[in-house]
$ cat model_21.txt   # compact mmCIF, C-alpha atoms
# COMPACT_ATOMS: atom_id res chain seq x y z
CA MET A 1 64.67 14.17 13.67
CA ARG A 2 65.60 12.38 10.45
CA PRO A 3 64.89 14.05 7.15
CA GLU A 4 62.14 12.62 4.94
CA SER A 5 62.84 11.26 1.46
CA SER A 6 62.58 14.06 -1.10
CA GLY A 7 62.36 11.69 -4.06
CA ALA A 8 65.79 12.79 -5.35
CA THR A 9 67.42 10.54 -7.90
CA PRO A 10 71.06 9.43 -7.93
CA SER A 11 73.53 10.96 -10.36
CA CYS A 12 72.94 9.57 -13.83
CA VAL A 13 76.64 10.10 -14.69
CA ALA A 14 77.71 7.86 -11.80
CA ALA A 15 75.10 5.27 -12.79
CA TRP A 16 76.27 5.41 -16.41
CA LEU A 17 79.87 4.86 -15.27
CA VAL A 18 78.90 1.69 -13.39
CA SER A 19 76.81 0.41 -16.29
CA LEU A 20 79.78 0.89 -18.64
CA PHE A 21 82.10 -1.36 -16.66
CA ALA A 22 79.64 -3.97 -15.37
CA LEU A 23 79.21 -7.23 -17.25
CA GLN A 24 76.03 -7.17 -19.30
CA ASN A 25 74.03 -9.39 -16.88
CA ASP A 26 75.27 -7.54 -13.79
CA ALA A 27 74.42 -3.98 -14.84
CA GLU A 28 70.70 -4.16 -14.00
CA PRO A 29 70.95 -5.73 -10.49
CA ILE A 30 73.95 -3.55 -9.51
CA LEU A 31 72.19 -0.33 -10.51
CA GLY A 32 69.05 -1.55 -8.75
CA ASP A 33 71.01 -2.29 -5.56
CA LEU A 34 72.69 1.12 -5.66
CA ALA A 35 69.31 2.82 -6.20
CA GLU A 36 67.77 0.90 -3.28
CA GLU A 37 70.56 1.85 -0.86
CA PHE A 38 70.55 5.44 -2.17
CA SER A 39 66.87 5.71 -1.37
CA ALA A 40 67.40 4.25 2.14
CA ILE A 41 70.34 6.60 2.90
CA GLU A 42 68.46 9.57 1.46
CA SER A 43 65.48 9.05 3.77
CA GLY A 44 67.84 8.50 6.75
CA SER A 45 70.63 11.04 6.28
CA GLY A 46 69.51 13.41 3.53
CA THR A 47 70.14 13.89 -0.17
CA CYS A 48 73.72 15.21 0.09
CA ALA A 49 74.93 12.24 2.13
CA ALA A 50 73.15 9.85 -0.24
CA ARG A 51 74.69 11.50 -3.31
CA ARG A 52 78.16 11.38 -1.75
CA TRP A 53 77.69 7.70 -0.87
CA TYR A 54 76.42 6.94 -4.39
CA TRP A 55 79.43 8.57 -6.07
CA ARG A 56 81.90 6.83 -3.75
CA GLN A 57 80.26 3.46 -4.32
CA SER A 58 80.06 4.01 -8.10
CA LEU A 59 83.74 4.94 -8.46
CA ARG A 60 84.94 2.06 -6.29
CA SER A 61 82.58 -0.37 -8.03
CA ALA A 62 83.59 0.78 -11.52
CA ALA A 63 87.29 0.25 -10.68
CA ARG A 64 86.58 -3.19 -9.23
CA LEU A 65 84.35 -4.21 -12.16
CA PHE A 66 86.98 -3.02 -14.64
CA TRP A 67 89.59 -5.21 -12.99
CA MET A 68 87.19 -8.17 -12.76
CA ALA A 69 86.24 -7.94 -16.45
CA PHE A 70 89.95 -7.82 -17.33
CA ARG A 71 90.84 -10.77 -15.09
CA SER A 72 87.97 -12.93 -16.30
CA ALA A 73 89.08 -12.78 -19.96
CA PRO A 74 92.71 -11.61 -20.17
CA TRP A 75 93.45 -13.47 -23.42
CA LEU A 76 90.42 -12.06 -25.20
CA ILE A 77 91.44 -8.53 -24.19
CA ALA A 78 95.10 -9.13 -25.13
CA CYS A 79 94.07 -10.51 -28.55
CA THR A 80 91.65 -7.66 -29.30
CA THR A 81 94.32 -5.12 -28.25
CA LEU A 82 96.90 -6.75 -30.54
CA ALA A 83 94.39 -7.00 -33.42
CA GLY A 84 93.46 -3.33 -32.93
CA LEU A 85 97.12 -2.27 -33.02
CA LEU A 86 97.68 -4.30 -36.21
CA ILE A 87 94.64 -2.71 -37.87
CA LEU A 88 95.89 0.75 -36.85
CA TRP A 89 99.38 -0.07 -38.14
CA TYR A 90 98.12 -1.24 -41.54
CA SER A 91 95.71 1.68 -41.86
CA ARG A 92 98.22 4.34 -40.72
CA ASN A 93 98.51 5.85 -44.23
CA LEU A 94 94.79 5.59 -44.96
CA PRO A 95 93.82 9.14 -43.83
CA THR A 96 96.57 10.77 -45.92
CA ARG A 97 95.77 8.61 -48.96
CA LEU A 98 92.04 9.26 -48.68
CA VAL A 99 92.40 13.04 -48.34
CA CYS A 100 94.99 13.19 -51.13
CA ALA A 101 92.69 11.13 -53.37
CA VAL A 102 89.86 13.62 -52.72
CA ILE A 103 92.19 16.55 -53.49
CA ASP A 104 93.55 14.86 -56.65
CA ARG A 105 90.04 14.20 -57.93
CA ASP A 106 89.16 17.90 -57.87
CA SER A 107 92.69 19.22 -58.31
CA SER A 108 91.64 22.14 -60.52
CA PHE A 109 89.22 23.36 -57.84
CA TYR A 110 91.82 23.11 -55.07
CA MET A 111 94.48 24.84 -57.19
CA ASN A 112 92.22 27.89 -57.37
CA HIS A 113 91.19 27.78 -53.69
CA PHE A 114 94.40 27.58 -51.70
CA SER A 115 92.75 28.19 -48.30
CA ILE A 116 90.29 25.30 -48.81
CA TRP A 117 93.19 23.07 -49.91
CA GLN A 118 95.10 24.06 -46.77
CA PHE A 119 92.05 23.48 -44.54
CA THR A 120 91.35 20.06 -46.10
CA LEU A 121 94.94 18.95 -45.58
CA ASN A 122 95.22 20.32 -42.03
CA TYR A 123 91.92 19.08 -40.68
CA GLY A 124 90.86 16.35 -43.13
CA ILE A 125 93.74 13.99 -42.32
CA PRO A 126 93.30 14.18 -38.50
CA ALA A 127 89.51 13.91 -38.90
CA VAL A 128 89.79 10.72 -40.97
CA GLY A 129 92.34 9.44 -38.42
CA MET A 130 89.78 10.04 -35.66
CA ILE A 131 87.07 8.19 -37.59
CA VAL A 132 89.46 5.25 -38.08
CA ALA A 133 90.17 5.22 -34.29
CA VAL A 134 86.42 5.14 -33.52
CA LEU A 135 85.88 2.33 -36.06
CA VAL A 136 88.74 0.30 -34.56
CA GLY A 137 87.09 0.80 -31.13
CA CYS A 138 83.78 -0.45 -32.60
CA LEU A 139 85.47 -3.55 -34.06
CA ILE A 140 87.19 -4.36 -30.76
CA ALA A 141 83.88 -3.91 -28.90
CA ILE A 142 82.04 -6.20 -31.33
CA VAL A 143 84.57 -8.99 -30.67
CA ALA A 144 84.87 -8.41 -26.89
CA SER A 145 81.16 -8.85 -26.26
CA GLY A 146 80.15 -7.92 -22.68
CA ARG A 147 83.59 -6.38 -22.02
CA GLU A 148 83.46 -3.59 -24.60
CA ILE A 149 84.73 -0.75 -22.43
CA VAL A 150 87.46 -2.75 -20.71
CA ALA A 151 88.76 -3.99 -24.07
CA THR A 152 88.70 -0.58 -25.78
CA ALA A 153 90.16 1.24 -22.75
CA THR A 154 92.98 -1.32 -22.55
CA PHE A 155 93.62 -0.86 -26.27
CA GLY A 156 93.60 2.94 -25.90
CA MET A 157 95.96 2.90 -22.92
CA PHE A 158 98.29 0.45 -24.63
CA GLU A 159 98.30 2.60 -27.75
CA LEU A 160 99.17 5.64 -25.63
CA VAL A 161 101.69 4.14 -23.20
CA GLY A 162 102.49 0.56 -24.16
CA ALA A 163 103.28 0.99 -27.85
CA PRO A 164 105.96 3.72 -27.34
CA ILE A 165 107.53 1.63 -24.53
CA LEU A 166 107.54 -1.43 -26.81
CA MET A 167 109.14 0.59 -29.63
CA TRP A 168 111.78 1.90 -27.22
CA ALA A 169 112.48 -1.64 -25.93
CA LEU A 170 112.82 -2.90 -29.52
CA PHE A 171 115.20 -0.02 -30.28
CA VAL A 172 117.33 -0.77 -27.21
CA ALA A 173 117.39 -4.50 -28.06
CA THR A 174 118.40 -3.72 -31.66
CA GLN A 175 121.19 -1.45 -30.46
CA ALA A 176 122.46 -4.10 -28.06
CA PHE A 177 122.36 -6.77 -30.77
CA PHE A 178 123.89 -4.83 -33.67
CA GLY A 179 126.32 -2.72 -31.68
CA HIS A 180 126.87 0.99 -31.22
CA HIS A 181 127.60 1.82 -34.85
CA LEU A 182 123.82 2.04 -35.40
CA MET A 183 123.45 4.73 -32.72
CA PHE A 184 122.10 8.08 -33.84
CA SER A 185 124.82 10.27 -35.27
CA GLU A 186 122.22 12.99 -35.87
CA PRO A 187 120.72 15.18 -33.16
CA SER A 188 118.11 13.54 -30.96
CA SER A 189 114.49 13.68 -32.17
CA ALA A 190 113.78 15.96 -29.17
CA ALA A 191 115.62 18.70 -31.05
CA TYR A 192 112.92 18.64 -33.74
CA ILE A 193 110.03 19.29 -31.34
CA PRO A 194 110.21 23.14 -31.38
CA LEU A 195 110.56 23.03 -35.18
CA THR A 196 107.56 20.66 -35.50
CA ILE A 197 105.43 22.93 -33.30
CA SER A 198 106.33 26.05 -35.29
CA VAL A 199 105.59 24.28 -38.62
CA ILE A 200 102.21 23.06 -37.31
CA TYR A 201 101.37 26.57 -36.08
CA HIS A 202 102.42 28.08 -39.39
CA PHE A 203 100.23 25.80 -41.51
CA GLY A 204 97.42 24.80 -39.13
CA GLY A 205 97.17 27.76 -36.77
CA VAL A 206 95.84 27.30 -33.22
CA GLY A 207 93.45 24.55 -34.40
CA GLY A 208 96.40 22.57 -35.72
CA LEU A 209 98.24 22.92 -32.41
CA VAL A 210 95.14 21.85 -30.47
CA LEU A 211 94.85 18.76 -32.70
CA TYR A 212 98.57 18.03 -32.23
CA PHE A 213 98.50 18.28 -28.44
CA THR A 214 95.17 16.49 -27.90
CA GLN A 215 96.24 13.56 -30.09
CA PRO A 216 97.40 11.41 -27.12
CA PHE A 217 94.06 11.88 -25.34
CA THR A 218 92.01 11.20 -28.44
CA ALA A 219 94.05 8.02 -28.94
CA VAL A 220 92.55 6.73 -25.67
CA LEU A 221 89.11 8.34 -25.82
CA LEU A 222 88.05 7.66 -29.40
CA PRO A 223 88.28 3.84 -29.29
CA VAL A 224 86.44 3.95 -25.93
CA PHE A 225 83.79 6.14 -27.59
CA GLY A 226 83.42 3.47 -30.31
CA GLY A 227 83.13 0.81 -27.58
CA THR A 228 80.45 2.87 -25.79
CA VAL A 229 78.39 3.13 -28.98
CA ILE A 230 78.44 -0.66 -29.46
CA ARG A 231 77.75 -1.30 -25.76
CA ASN A 232 74.76 1.05 -25.76
CA ALA A 233 73.42 -0.59 -28.92
CA ARG A 234 73.70 -3.99 -27.22
CA MET A 235 72.09 -2.82 -23.96
CA ARG A 236 69.12 -1.10 -25.68
CA PRO A 237 67.02 -4.27 -26.21
CA GLN A 238 67.60 -5.22 -22.52
CA ARG A 239 66.49 -1.76 -21.31
CA ARG A 240 63.31 -1.98 -23.41
CA LYS A 241 62.34 -5.21 -21.63
CA LEU A 242 62.54 -3.57 -18.17
CA PRO A 243 59.32 -2.53 -16.46
CA ALA A 244 58.80 1.22 -16.09
CA MET B 1 90.54 -31.76 -4.44
CA SER B 2 93.20 -29.11 -4.94
CA SER B 3 94.25 -26.07 -2.92
CA ARG B 4 92.34 -23.98 -5.49
CA ASP B 5 89.10 -25.46 -4.11
CA ASN B 6 89.59 -23.55 -0.85
CA LEU B 7 87.88 -20.20 -0.61
CA GLY B 8 89.74 -16.90 -0.48
CA ASP B 9 89.27 -14.50 2.42
CA PHE B 10 86.55 -12.34 0.85
CA GLU B 11 84.95 -15.32 -0.94
CA HIS B 12 84.62 -16.98 2.45
CA LEU B 13 82.89 -13.92 3.93
CA VAL B 14 80.48 -13.70 0.99
CA MET B 15 79.61 -17.41 1.22
CA LEU B 16 78.93 -17.09 4.97
CA ALA B 17 76.75 -14.03 4.32
CA LEU B 18 74.77 -16.00 1.71
CA LEU B 19 74.29 -18.89 4.17
CA ARG B 20 73.11 -16.47 6.87
CA LEU B 21 70.69 -14.62 4.61
CA GLY B 22 69.11 -17.67 2.94
CA GLU B 23 66.45 -16.66 0.45
CA GLN B 24 66.94 -12.95 1.12
CA ALA B 25 70.49 -12.93 -0.27
CA TYR B 26 71.11 -10.31 -2.95
CA GLY B 27 73.65 -7.53 -3.49
CA VAL B 28 72.37 -5.04 -0.88
CA THR B 29 71.77 -7.55 1.93
CA VAL B 30 75.10 -9.34 1.33
CA ARG B 31 77.00 -6.03 1.38
CA GLN B 32 75.21 -4.87 4.54
CA GLU B 33 75.67 -8.22 6.30
CA ILE B 34 79.43 -8.12 5.68
CA ALA B 35 79.66 -4.44 6.64
CA SER B 36 77.73 -4.87 9.90
CA ARG B 37 79.52 -8.04 11.06
CA THR B 38 83.08 -7.26 10.00
CA SER B 39 83.08 -3.41 9.93
CA ARG B 40 84.45 -3.60 6.38
CA ASP B 41 83.07 -1.00 4.00
CA VAL B 42 82.91 -3.03 0.80
CA SER B 43 81.70 -1.77 -2.57
CA ILE B 44 78.78 -3.37 -4.36
CA GLY B 45 81.15 -3.94 -7.31
CA ALA B 46 83.45 -6.04 -5.11
CA VAL B 47 80.48 -8.12 -3.93
CA TYR B 48 79.31 -8.80 -7.50
CA ALA B 49 82.84 -9.51 -8.72
CA THR B 50 83.17 -12.17 -6.00
CA LEU B 51 79.68 -13.57 -6.56
CA ASP B 52 80.36 -13.91 -10.29
CA ARG B 53 83.60 -15.78 -9.54
CA LEU B 54 81.79 -18.06 -7.08
CA GLN B 55 79.06 -18.73 -9.64
CA PHE B 56 81.70 -19.57 -12.24
CA LYS B 57 83.18 -22.10 -9.80
CA GLY B 58 79.70 -23.59 -9.26
CA TYR B 59 79.51 -22.58 -5.58
CA VAL B 60 76.46 -20.32 -5.95
CA LYS B 61 73.44 -20.09 -8.22
CA SER B 62 71.49 -16.97 -9.07
CA GLN B 63 68.08 -16.01 -10.39
CA MET B 64 66.43 -12.70 -11.15
CA GLY B 65 63.91 -11.47 -8.59
CA GLU B 66 61.29 -8.75 -8.60
CA ALA B 67 61.67 -5.05 -9.44
CA THR B 68 60.49 -2.37 -7.01
CA PRO B 69 60.08 1.44 -7.34
CA GLN B 70 62.88 1.94 -4.74
CA ARG B 71 65.17 0.08 -7.13
CA GLY B 72 64.28 2.33 -10.05
CA GLY B 73 62.33 -0.51 -11.67
CA LYS B 74 65.38 -2.76 -11.78
CA ARG B 75 65.25 -6.40 -10.77
CA LYS B 76 67.18 -8.03 -7.91
CA ARG B 77 69.58 -10.88 -8.53
CA LEU B 78 69.01 -13.44 -5.78
CA PHE B 79 71.80 -15.83 -4.87
CA ARG B 80 71.89 -19.17 -3.09
CA VAL B 81 74.67 -21.55 -2.09
CA THR B 82 74.89 -24.89 -3.93
CA ALA B 83 75.85 -28.20 -2.32
CA LYS B 84 79.33 -27.84 -3.85
CA GLY B 85 79.57 -24.36 -2.32
CA ALA B 86 78.51 -25.59 1.14
CA GLU B 87 81.21 -28.26 0.88
CA ALA B 88 83.80 -25.60 -0.01
CA VAL B 89 82.80 -23.52 3.02
CA SER B 90 83.09 -26.49 5.33
CA ARG B 91 86.47 -27.48 3.81
CA THR B 92 87.82 -23.94 4.25
CA HIS B 93 86.50 -23.84 7.83
CA GLY B 94 88.18 -27.19 8.50
CA ALA B 95 91.50 -25.90 7.13
CA ILE B 96 91.35 -22.76 9.30
CA ARG B 97 90.34 -24.77 12.39
CA SER B 98 93.16 -27.26 11.97
CA MET B 99 95.70 -24.45 11.45
CA ALA B 100 94.48 -22.68 14.60
CA GLU B 101 94.32 -25.84 16.71
CA GLY B 102 96.52 -25.69 19.80
CA LEU B 103 97.38 -22.04 19.26
CA HIS B 104 96.53 -19.81 22.15
CA LEU B 105 96.02 -16.71 20.03
CA ALA B 106 95.12 -14.40 22.92
CA GLU B 107 98.42 -15.25 24.67
CA LYS B 108 100.46 -14.96 21.47
CA LEU B 109 99.06 -11.54 20.66
CA SER B 110 99.48 -10.11 24.17
$ encode --input "model_21.txt" --output "C-alpha cells"
Amino acid sequence: MRPESSGATPSCVAAWLVSLFALQNDAEPILGDLAEEFSAIESGSGTCAARRWYWRQSLRSAARLFWMAFRSAPWLIACTTLAGLLILWYSRNLPTRLVCAVIDRDSSFYMNHFSIWQFTLNYGIPAVGMIVAVLVGCLIAIVASGREIVATATFGMFELVGAPILMWALFVATQAFFGHHLMFSEPSSAAYIPLTISVIYHFGGVGGLVLYFTQPFTAVLLPVFGGTVIRNARMRPQRRKLPA
Amino acid sequence: MSSRDNLGDFEHLVMLALLRLGEQAYGVTVRQEIASRTSRDVSIGAVYATLDRLQFKGYVKSQMGEATPQRGGKRKRLFRVTAKGAEAVSRTHGAIRSMAEGLHLAEKLS
C-alpha cells in the first residue's frame, strides 16, 4: 500500500539555492515544478524519498543554472569581475586609512586606552575590509541584473584563485623578460609565514588568527552575500504579486 | 541557413517532447516525457536552461499559466513550438535521416 501525502513541505534551503541561481523569470516556474513533483513523489513513495529527490534535483539544477547564466552573458560577468577587482585594488588602503583617521581624531583618548587602540586596529581594519567586500558584491549585483549570484560568485572565486595565479604569471613573465638578475636574493616569502602567524597571535590573539585564516573564505562569501542582498531586494516585489 | 540552425542532441529531445505534449507542455511534463521515453534522468534546471536557449533562438514561445496549491501557489510556464522551431526540428530530422541512409546499423553493431 502506498503512503498518503502528509502535507510535508520541501526543504526551504534547497529551494532557496535554486532561486539564487535561476534567472529572475525562471525562479517561480522552476520552484513550482519542483514543488509539484515533490508532492507527487511524497504521496507515492513517502516524505523521505521526496526530500531526497528534491535535494538531488535542486543541487543538479543549481549547478546547471549557474553554468547557463554564465554562458548566456560571459562578457557581462567578465566585465563586472574586472571592474570589481579594480575597485578592490583602488580601495585596498581604504580600511587602514579610515581606521587610522578615526584613531587620529581621538588620539588623546586612544593614548590613554591602549587595549581599545589595539582592539580597534586589530578588528577595525578587517571589519572595514569586509564591509568593502560586501559593497563591491552589491555593486556587481546591481550591474549584473538577473545574474547577481553568478557574477558575484565568479568575482569571489577569481579573487581567491584567479588573481594569485595572474600575479604569479605576471611575475614569471617579468622574470623571463628581464632575466635572472631580478630573481629573489632574499629568502622566499614562505619563510615569513611562521613569523607572520606569531606576530598576528601576539597582537590579535585567537580572534586575529581566525580572521587571518578565514580571509580566503570571506573573500568569496562576502561579495556573494552582497549579491544575495540585492537579488532578494529585486525579487521581493515579484513575490508580493504571487497568490497565497 | 547555417549549421548553427540545427538542433543539439538535448535541444532535439526537448523540442520533440514539446510537440508531443502540445498545450500541456511545461517543466514537469517535459522532464517526465523525456525521462519516460529515453530513460534519461534529467534535472529541471537542464530542461529550463535548454528551453531558455530555444526561446532565445525563436524556436519556442512561453506564457505563464495558472498557480495551484500543489505548486505552492507558483505559476506554470507553458511552452509551445513556433513555426521556426518546427522547421528546425524537421531540418535536424532530415540531417539525421540522410546521415543514416543506407547504413544497416543493426548489422554494424553486431
$ residues_around --input "model_21.txt" --residues "Arg75 of chain B" --least-positions-apart "5" --cutoff "7 Å" --atoms "only C-alpha atoms" --output "MDAnalysis selection string"
(chainID A and resid 28:29 32) or (chainID B and resid 64:67)
$ write_last_selection --input "model_21.txt" --atoms "C-alpha atoms" --output "PDB file, in the frame of the given file"
ATOM      1  CA  GLU A  28      70.700  -4.160 -14.000  1.00  0.00           C
ATOM      2  CA  PRO A  29      70.950  -5.730 -10.490  1.00  0.00           C
ATOM      3  CA  GLY A  32      69.050  -1.550  -8.750  1.00  0.00           C
TER       4      GLY A  32
ATOM      5  CA  MET B  64      66.430 -12.700 -11.150  1.00  0.00           C
ATOM      6  CA  GLY B  65      63.910 -11.470  -8.590  1.00  0.00           C
ATOM      7  CA  GLU B  66      61.290  -8.750  -8.600  1.00  0.00           C
ATOM      8  CA  ALA B  67      61.670  -5.050  -9.440  1.00  0.00           C
TER       9      ALA B  67
END
$ interface_residues --input "model_21.txt" --of "chain B" --to "chain A" --cutoff "12 Å" --atoms "all atoms listed in the file" --output "count of residues only"
40
$ atom_distance --input "model_21.txt" --atom1 "atom CA of Ala78 of chain A" --atom2 "atom CA of Phe158 of chain A"
10.1 Å
$ residues_around --input "model_21.txt" --residues "Thr96 of chain A" --least-positions-apart "5" --cutoff "9 Å" --atoms "only C-alpha atoms" --output "PyMOL selection string"
chain A and resi 101+121+124-126+128-129
$ write_last_selection --input "model_21.txt" --atoms "C-alpha atoms" --output "PDB file, in the frame of the given file"
ATOM      1  CA  ALA A 101      92.690  11.130 -53.370  1.00  0.00           C
ATOM      2  CA  LEU A 121      94.940  18.950 -45.580  1.00  0.00           C
ATOM      3  CA  GLY A 124      90.860  16.350 -43.130  1.00  0.00           C
ATOM      4  CA  ILE A 125      93.740  13.990 -42.320  1.00  0.00           C
ATOM      5  CA  PRO A 126      93.300  14.180 -38.500  1.00  0.00           C
ATOM      6  CA  VAL A 128      89.790  10.720 -40.970  1.00  0.00           C
ATOM      7  CA  GLY A 129      92.340   9.440 -38.420  1.00  0.00           C
TER       8      GLY A 129
END
$ residues_around --input "model_21.txt" --residues "Arg80 of chain B" --least-positions-apart "5" --cutoff "12 Å" --atoms "all atoms listed in the file" --output "number ranges by chain"
B: 14-27, 30, 51, 54-55, 58-64, 85-86
$ closest_residue --input "model_21.txt" --among "A:Leu76, A:Ala49, A:Leu170, A:Leu94" --to "Ala151 of chain A" --atoms "only C-alpha atoms"
A:Leu76
$ atom_distance --input "model_21.txt" --atom1 "atom CA of Thr92 of chain B" --atom2 "atom CA of Asp5 of chain B"
8.6 Å
$ build_atoms --input "model_21.txt" --residues "segment 59-85 of chain A" --atoms "N, CA and C atoms" --output "mmCIF file, in the frame of the given file"
data_model
loop_
_atom_site.group_PDB
_atom_site.id
_atom_site.type_symbol
_atom_site.label_atom_id
_atom_site.label_comp_id
_atom_site.auth_asym_id
_atom_site.auth_seq_id
_atom_site.Cartn_x
_atom_site.Cartn_y
_atom_site.Cartn_z
ATOM 1 N N LEU A 59 82.331 4.889 -8.033
ATOM 2 C CA LEU A 59 83.740 4.940 -8.460
ATOM 3 C C LEU A 59 84.478 3.678 -8.032
ATOM 4 N N ARG A 60 84.258 3.268 -6.784
ATOM 5 C CA ARG A 60 84.940 2.060 -6.290
ATOM 6 C C ARG A 60 84.450 0.830 -7.043
ATOM 7 N N SER A 61 83.138 0.782 -7.318
ATOM 8 C CA SER A 61 82.580 -0.370 -8.030
ATOM 9 C C SER A 61 83.085 -0.423 -9.461
ATOM 10 N N ALA A 62 83.137 0.745 -10.121
ATOM 11 C CA ALA A 62 83.590 0.780 -11.520
ATOM 12 C C ALA A 62 85.028 0.264 -11.611
ATOM 13 N N ALA A 63 85.890 0.705 -10.662
ATOM 14 C CA ALA A 63 87.290 0.250 -10.680
ATOM 15 C C ALA A 63 87.361 -1.253 -10.472
ATOM 16 N N ARG A 64 86.566 -1.751 -9.534
ATOM 17 C CA ARG A 64 86.580 -3.190 -9.230
ATOM 18 C C ARG A 64 86.034 -4.000 -10.416
ATOM 19 N N LEU A 65 84.960 -3.492 -11.033
ATOM 20 C CA LEU A 65 84.350 -4.210 -12.160
ATOM 21 C C LEU A 65 85.272 -4.211 -13.374
ATOM 22 N N PHE A 66 86.005 -3.107 -13.551
ATOM 23 C CA PHE A 66 86.980 -3.020 -14.640
ATOM 24 C C PHE A 66 88.023 -4.134 -14.475
ATOM 25 N N TRP A 67 88.560 -4.232 -13.280
ATOM 26 C CA TRP A 67 89.590 -5.210 -12.990
ATOM 27 C C TRP A 67 89.044 -6.633 -13.133
ATOM 28 N N MET A 68 87.793 -6.844 -12.666
ATOM 29 C CA MET A 68 87.190 -8.170 -12.760
ATOM 30 C C MET A 68 86.978 -8.581 -14.220
ATOM 31 N N ALA A 69 86.477 -7.644 -15.023
ATOM 32 C CA ALA A 69 86.240 -7.940 -16.450
ATOM 33 C C ALA A 69 87.564 -8.257 -17.142
ATOM 34 N N PHE A 70 88.628 -7.571 -16.739
ATOM 35 C CA PHE A 70 89.950 -7.820 -17.330
ATOM 36 C C PHE A 70 90.450 -9.196 -16.905
ATOM 37 N N ARG A 71 90.315 -9.502 -15.611
ATOM 38 C CA ARG A 71 90.840 -10.770 -15.090
ATOM 39 C C ARG A 71 90.074 -11.969 -15.613
ATOM 40 N N SER A 72 88.767 -11.774 -15.880
ATOM 41 C CA SER A 72 87.970 -12.930 -16.300
ATOM 42 C C SER A 72 88.232 -13.319 -17.758
ATOM 43 N N ALA A 73 88.789 -12.425 -18.563
ATOM 44 C CA ALA A 73 89.080 -12.780 -19.960
ATOM 45 C C ALA A 73 90.347 -12.071 -20.433
ATOM 46 N N PRO A 74 91.498 -12.353 -19.793
ATOM 47 C CA PRO A 74 92.710 -11.610 -20.170
ATOM 48 C C PRO A 74 93.174 -11.880 -21.591
ATOM 49 N N TRP A 75 92.975 -13.130 -22.070
ATOM 50 C CA TRP A 75 93.450 -13.470 -23.420
ATOM 51 C C TRP A 75 92.618 -12.785 -24.488
ATOM 52 N N LEU A 76 91.303 -12.734 -24.237
ATOM 53 C CA LEU A 76 90.420 -12.060 -25.200
ATOM 54 C C LEU A 76 90.824 -10.595 -25.329
ATOM 55 N N ILE A 77 91.094 -9.961 -24.181
ATOM 56 C CA ILE A 77 91.440 -8.530 -24.190
ATOM 57 C C ILE A 77 92.822 -8.323 -24.814
ATOM 58 N N ALA A 78 93.761 -9.231 -24.523
ATOM 59 C CA ALA A 78 95.100 -9.130 -25.130
ATOM 60 C C ALA A 78 95.003 -9.294 -26.654
ATOM 61 N N CYS A 79 94.189 -10.260 -27.102
ATOM 62 C CA CYS A 79 94.070 -10.510 -28.550
ATOM 63 C C CYS A 79 93.393 -9.332 -29.256
ATOM 64 N N THR A 80 92.335 -8.782 -28.643
ATOM 65 C CA THR A 80 91.650 -7.660 -29.300
ATOM 66 C C THR A 80 92.570 -6.433 -29.334
ATOM 67 N N THR A 81 93.379 -6.249 -28.273
ATOM 68 C CA THR A 81 94.320 -5.120 -28.250
ATOM 69 C C THR A 81 95.343 -5.275 -29.377
ATOM 70 N N LEU A 82 95.888 -6.485 -29.510
ATOM 71 C CA LEU A 82 96.900 -6.750 -30.540
ATOM 72 C C LEU A 82 96.283 -6.565 -31.934
ATOM 73 N N ALA A 83 95.063 -7.112 -32.114
ATOM 74 C CA ALA A 83 94.390 -7.000 -33.420
ATOM 75 C C ALA A 83 94.141 -5.517 -33.744
ATOM 76 N N GLY A 84 93.705 -4.757 -32.735
ATOM 77 C CA GLY A 84 93.460 -3.330 -32.930
ATOM 78 C C GLY A 84 94.723 -2.593 -33.338
ATOM 79 N N LEU A 85 95.850 -2.927 -32.678
ATOM 80 C CA LEU A 85 97.120 -2.270 -33.020
ATOM 81 C C LEU A 85 97.552 -2.621 -34.446
#
